Amino acid sequence: MSRRLRFRYLLLVLLWICLISQVFQSAAAVARVTSPTADNGLLDLSAWDFERGGVVKLDGEWEFYWGALLEPDAFDADTVQPTGWVRVPGPWSDFIPLAGDLGQVPVGRHGYATYRLTVDLGKRLGLSASSHLADPEAAGEPLAVYIPYANTSYRLWINGEYAAGNGRVAEDDKIAEPQFLARVARFLPKDDVVELVMQVSNFHFREGGIPLSLEFGLADQVDVRQRRSEMADAFIIGLALFAAVFFFGVAIERLGDMGAAYFSLFVLTTAIRLAFTGNFIAYRLFPGIPWETGLKIGYATGYISPALLYLYMRSAFPAEVSKRAVNTVITISLAGLLVVLFTPGRISSLLIPPYLIILVFYAAYAVLAMRKAATRGRDGAPLFLAGALAYTASILVTAASPAGVFQRIDAIPYGTAAFVISQGWAVARKAARSFAAQDRLLEENARMLKETEWQLAELKRYRRMMTEREEDVRRQIAEMLHGAAQGKLFSALQHIDQAARLIQSDPSQAQQSLAEAKQWLVKLRDEDIRSVSRRLHPTAVAAGLVPALETLVHTYESYFHIDFHVDPAVVALDLPSASQIGYKLRLGMYRVLEEALNNAVRHADARRLTVSLSLITEKSPELPMAASSGANEPPSAPGDDALGPETIRTRREAIIQYLLLVVADDGKGFDPATLTPSLGLRTIDARVGDLNGTWSFTGAVGMGATLSARFPIIPSGKPTAPRPTHTAS
């Protein structure tokens, strides 16, 4: 595993540890300050400091009166004897009476009973019955008891006064009504002793009793703890609903993205489940929801969620999550869903403990699959793995709670929150990468647009220059035909006419006139027609580059003394039988040299010229490189430097050969600052650009001028060379 991946794992593990830290608060509380526990129905808080120690859980042994619904006044005579002592929190299902008519067998799941706990606050509060009667205000700070719920209905009295209740407690299952709703019972202590009497009945659930800890302390402390717990649930539900809407939007915008649709449904069902468990927020918002309906919704969403999660995993990582595993989860979920829909809660709830164990295997498989995906470098797998670890830890804590390993708590909401956040992070990373890619694409498009605009402008300029050059050549040809050629033809016609008149009288003179007419026609052919033909298309190019340039140079020897130098390496490439220099390149270089010589004739006032042709070999990336700065460079655009190190590393070096043509004269030169490119220079620029070459024109006043042009020899299928550029200095 790479260092970068290890670092990412570390961050993600820290993230989910922070997110589900509340899962372990109950276990950490035990290691903090050991709070007192009830023994034989008595909880001694005489040494407990509520300001420092905070809220106390009313855990321990409560007096238990099975099969009796007793009210507080029943204990005044001290004649009522408990059936035994039962541990709270916990079910009464395994309680075995001490003796009597009930026998030595557990009382079972369904029935009714009374719980009683006496809490000794101690003299430290300064409370007494006489002080309370004398001055009610002297009763001290209000206290409170937080009751999450009981299975499945209860009534609570504190110091003989009714304080709170859920549902309807009854001895008959036809009269009893279940309800799950957290309550806070506030009261003013009247004495140093607080008596709690709680009637509980259950005929609708798999176990009866008090499943979660009742919390006792100062009223403000209890209120804060309850509000904090409700806010945590509300936050997680809101987070899940937001994620559901977000991923649903992703599925709508990206048609066919079933993974986003599955995850949207997963977090939606999870949010619904959270609303019907924990603090039962759904019952607060809609008090009229029947208990059985709420229980079915909570269980049904609990069965549906893993199936949707596995479908999402299969969609995101098809190579790591097998179809058989997904089908197995779906089958179990459908079976559980059918049981929930068609059986009452007292039966369907029996499946929850074994189903929690199945969830552990679900989560373990998900972790192993995501670890494999992360090892293989799948995009988003590390984040998915972190969320899966958090979700697995929450399931383990929840599954271990009934066994007493952890204090009883539903940790799945916290694991779900961590999982949702991890997936949101993964989507955000993908979106950020997509946005970055779009930005790079926009920058590249802007650069290509400017490049295209520049190329179009250059193309128009080249066409305009070629049209001007074509018109100039036509004009020169017209002048030649109208002037010298027409004169030669006129002279030839005169001699032919003279020969026709003398053919009878003076045959020898006629013969002489025909010979002179022939000479004029030969001159017309050699000097004018061939010149025009060469201007229209140089046939010498077909023989090779070197012969063509050499022939061209000889035609200008009447204007200059020309030194023509050719690199032997070029000659080796330009063999008449198999030239490695393409015809287009030969013709283009011929035209460039022709324009350079014409430009020297018109502007240089030179006596001597040097023309050289050489071969250059260079190493260059196979990808086209940006051209060097010059007058004909396209404007820069964002993205010209967008090639990152990954792209640079993938470039391969290649050997590219260039033909270098240099024309230097000893003429009057020019001032680079005032140089205005003539038609000849613009034509050279167009010719060089058409061959993907580069060129420069340098000189100084009185120092002559030098034109250098470099042309790549590109075999078929190879990338082209840089854009044409030229400089004047």
# chains A, B, ... in the order shown; residues from 1 in each chain; ligands from 1
call {"tool": "select_by_dssp", "arguments": {"residues": "range 133-382 of chain A", "states": "strand (DSSP E or B)", "output": "VMD selection string"}}
result
chain A and resid 143 to 147 151 153 to 158 161 to 166 168 177 183 to 187 193 to 202 209 to 210 215 to 218
call {"tool": "write_last_selection", "arguments": {"atoms": "C-alpha atoms", "output": "PDB file, in the first residue's frame"}}
result
ATOM      1  CA  LEU A 143     -34.945  17.206  40.183  1.00  0.00           C
ATOM      2  CA  ALA A 144     -36.019  15.128  37.202  1.00  0.00           C
ATOM      3  CA  VAL A 145     -36.105  11.585  35.892  1.00  0.00           C
ATOM      4  CA  TYR A 146     -35.639  10.807  32.196  1.00  0.00           C
ATOM      5  CA  ILE A 147     -37.567   7.733  31.008  1.00  0.00           C
ATOM      6  CA  ASN A 151     -41.791  -2.376  27.017  1.00  0.00           C
ATOM      7  CA  SER A 153     -46.419   0.732  28.548  1.00  0.00           C
ATOM      8  CA  TYR A 154     -45.832   2.178  31.995  1.00  0.00           C
ATOM      9  CA  ARG A 155     -47.024   4.518  34.731  1.00  0.00           C
ATOM     10  CA  LEU A 156     -44.551   6.254  37.061  1.00  0.00           C
ATOM     11  CA  TRP A 157     -45.126   7.744  40.515  1.00  0.00           C
ATOM     12  CA  ILE A 158     -42.471   9.822  42.294  1.00  0.00           C
ATOM     13  CA  GLU A 161     -47.469  11.569  42.939  1.00  0.00           C
ATOM     14  CA  TYR A 162     -48.148  10.502  39.363  1.00  0.00           C
ATOM     15  CA  ALA A 163     -45.247  11.782  37.189  1.00  0.00           C
ATOM     16  CA  ALA A 164     -45.296  10.231  33.695  1.00  0.00           C
ATOM     17  CA  GLY A 165     -46.627   7.402  31.572  1.00  0.00           C
ATOM     18  CA  ASN A 166     -46.737   5.793  28.149  1.00  0.00           C
ATOM     19  CA  ARG A 168     -52.140   2.084  28.847  1.00  0.00           C
ATOM     20  CA  GLU A 177     -52.046  -0.185  24.750  1.00  0.00           C
ATOM     21  CA  ARG A 183     -40.531  11.473  28.858  1.00  0.00           C
ATOM     22  CA  VAL A 184     -39.001  13.747  31.489  1.00  0.00           C
ATOM     23  CA  ALA A 185     -40.657  13.788  34.912  1.00  0.00           C
ATOM     24  CA  ARG A 186     -39.773  16.896  36.954  1.00  0.00           C
ATOM     25  CA  PHE A 187     -40.435  17.162  40.700  1.00  0.00           C
ATOM     26  CA  VAL A 193     -35.571  10.029  50.240  1.00  0.00           C
ATOM     27  CA  VAL A 194     -37.160   9.694  46.794  1.00  0.00           C
ATOM     28  CA  GLU A 195     -39.480   6.778  46.062  1.00  0.00           C
ATOM     29  CA  LEU A 196     -40.112   5.663  42.457  1.00  0.00           C
ATOM     30  CA  VAL A 197     -42.956   3.258  41.740  1.00  0.00           C
ATOM     31  CA  MET A 198     -43.369   2.116  38.126  1.00  0.00           C
ATOM     32  CA  GLN A 199     -46.082  -0.127  36.714  1.00  0.00           C
ATOM     33  CA  VAL A 200     -45.153  -1.893  33.472  1.00  0.00           C
ATOM     34  CA  SER A 201     -47.195  -4.182  31.247  1.00  0.00           C
ATOM     35  CA  ASN A 202     -46.279  -5.903  28.005  1.00  0.00           C
ATOM     36  CA  GLY A 209     -39.473  -4.621  31.270  1.00  0.00           C
ATOM     37  CA  ILE A 210     -37.322  -1.511  31.267  1.00  0.00           C
ATOM     38  CA  GLU A 215     -31.539   8.923  34.312  1.00  0.00           C
ATOM     39  CA  PHE A 216     -31.846  10.938  37.518  1.00  0.00           C
ATOM     40  CA  GLY A 217     -30.407  14.322  38.401  1.00  0.00           C
ATOM     41  CA  LEU A 218     -30.924  18.043  38.516  1.00  0.00           C
TER      42      LEU A 218
END
call {"tool": "residues_around", "arguments": {"residues": "Gly588 in chain A", "least_positions_apart": "5", "cutoff": "9 Å", "atoms": "only C-alpha atoms", "output": "PDB file with N, CA and C atoms, in the first residue's frame"}}
result
ATOM      1  N   TYR A 583       8.301  15.026 -52.374  1.00  0.00           N
ATOM      2  CA  TYR A 583       8.165  15.961 -53.498  1.00  0.00           C
ATOM      3  C   TYR A 583       7.628  17.312 -53.022  1.00  0.00           C
ATOM      4  N   LEU A 593      13.590  29.295 -51.919  1.00  0.00           N
ATOM      5  CA  LEU A 593      14.863  29.808 -52.442  1.00  0.00           C
ATOM      6  C   LEU A 593      14.616  30.781 -53.594  1.00  0.00           C
ATOM      7  N   ARG A 687       4.976  29.787 -47.418  1.00  0.00           N
ATOM      8  CA  ARG A 687       5.572  28.540 -47.894  1.00  0.00           C
ATOM      9  C   ARG A 687       6.159  27.735 -46.733  1.00  0.00           C
ATOM     10  N   VAL A 688       6.898  28.407 -45.844  1.00  0.00           N
ATOM     11  CA  VAL A 688       7.519  27.715 -44.708  1.00  0.00           C
ATOM     12  C   VAL A 688       6.443  27.162 -43.776  1.00  0.00           C
ATOM     13  N   ASP A 690       3.438  26.253 -44.526  1.00  0.00           N
ATOM     14  CA  ASP A 690       2.777  25.110 -45.143  1.00  0.00           C
ATOM     15  C   ASP A 690       3.575  23.828 -44.971  1.00  0.00           C
ATOM     16  N   LEU A 691       4.882  23.964 -44.778  1.00  0.00           N
ATOM     17  CA  LEU A 691       5.754  22.801 -44.587  1.00  0.00           C
ATOM     18  C   LEU A 691       6.093  22.563 -43.122  1.00  0.00           C
TER      19      LEU A 691
END
call {"tool": "residues_around", "arguments": {"residues": "Glu141 in chain A", "least_positions_apart": "6", "cutoff": "9 Å", "atoms": "only C-alpha atoms", "output": "list in words"}}
result
Leu188, Pro189, Leu218 and Ala219 of chain A
call {"tool": "closest_residue", "arguments": {"among": "A:Phe64, A:Phe490, A:Phe276, A:Phe361", "to": "Pro91 in chain A", "atoms": "only C-alpha atoms"}}
result
A:Phe64
call {"tool": "select_by_dssp", "arguments": {"residues": "range 47-87 of chain A", "states": "alpha helix (DSSP H)", "output": "PyMOL selection string"}}
result
chain A and resi 50-53
call {"tool": "residues_around", "arguments": {"residues": "Glu618 in chain A", "least_positions_apart": "3", "cutoff": "7 Å", "atoms": "only C-alpha atoms", "output": "ChimeraX atom specification"}}
result
/A:655-657
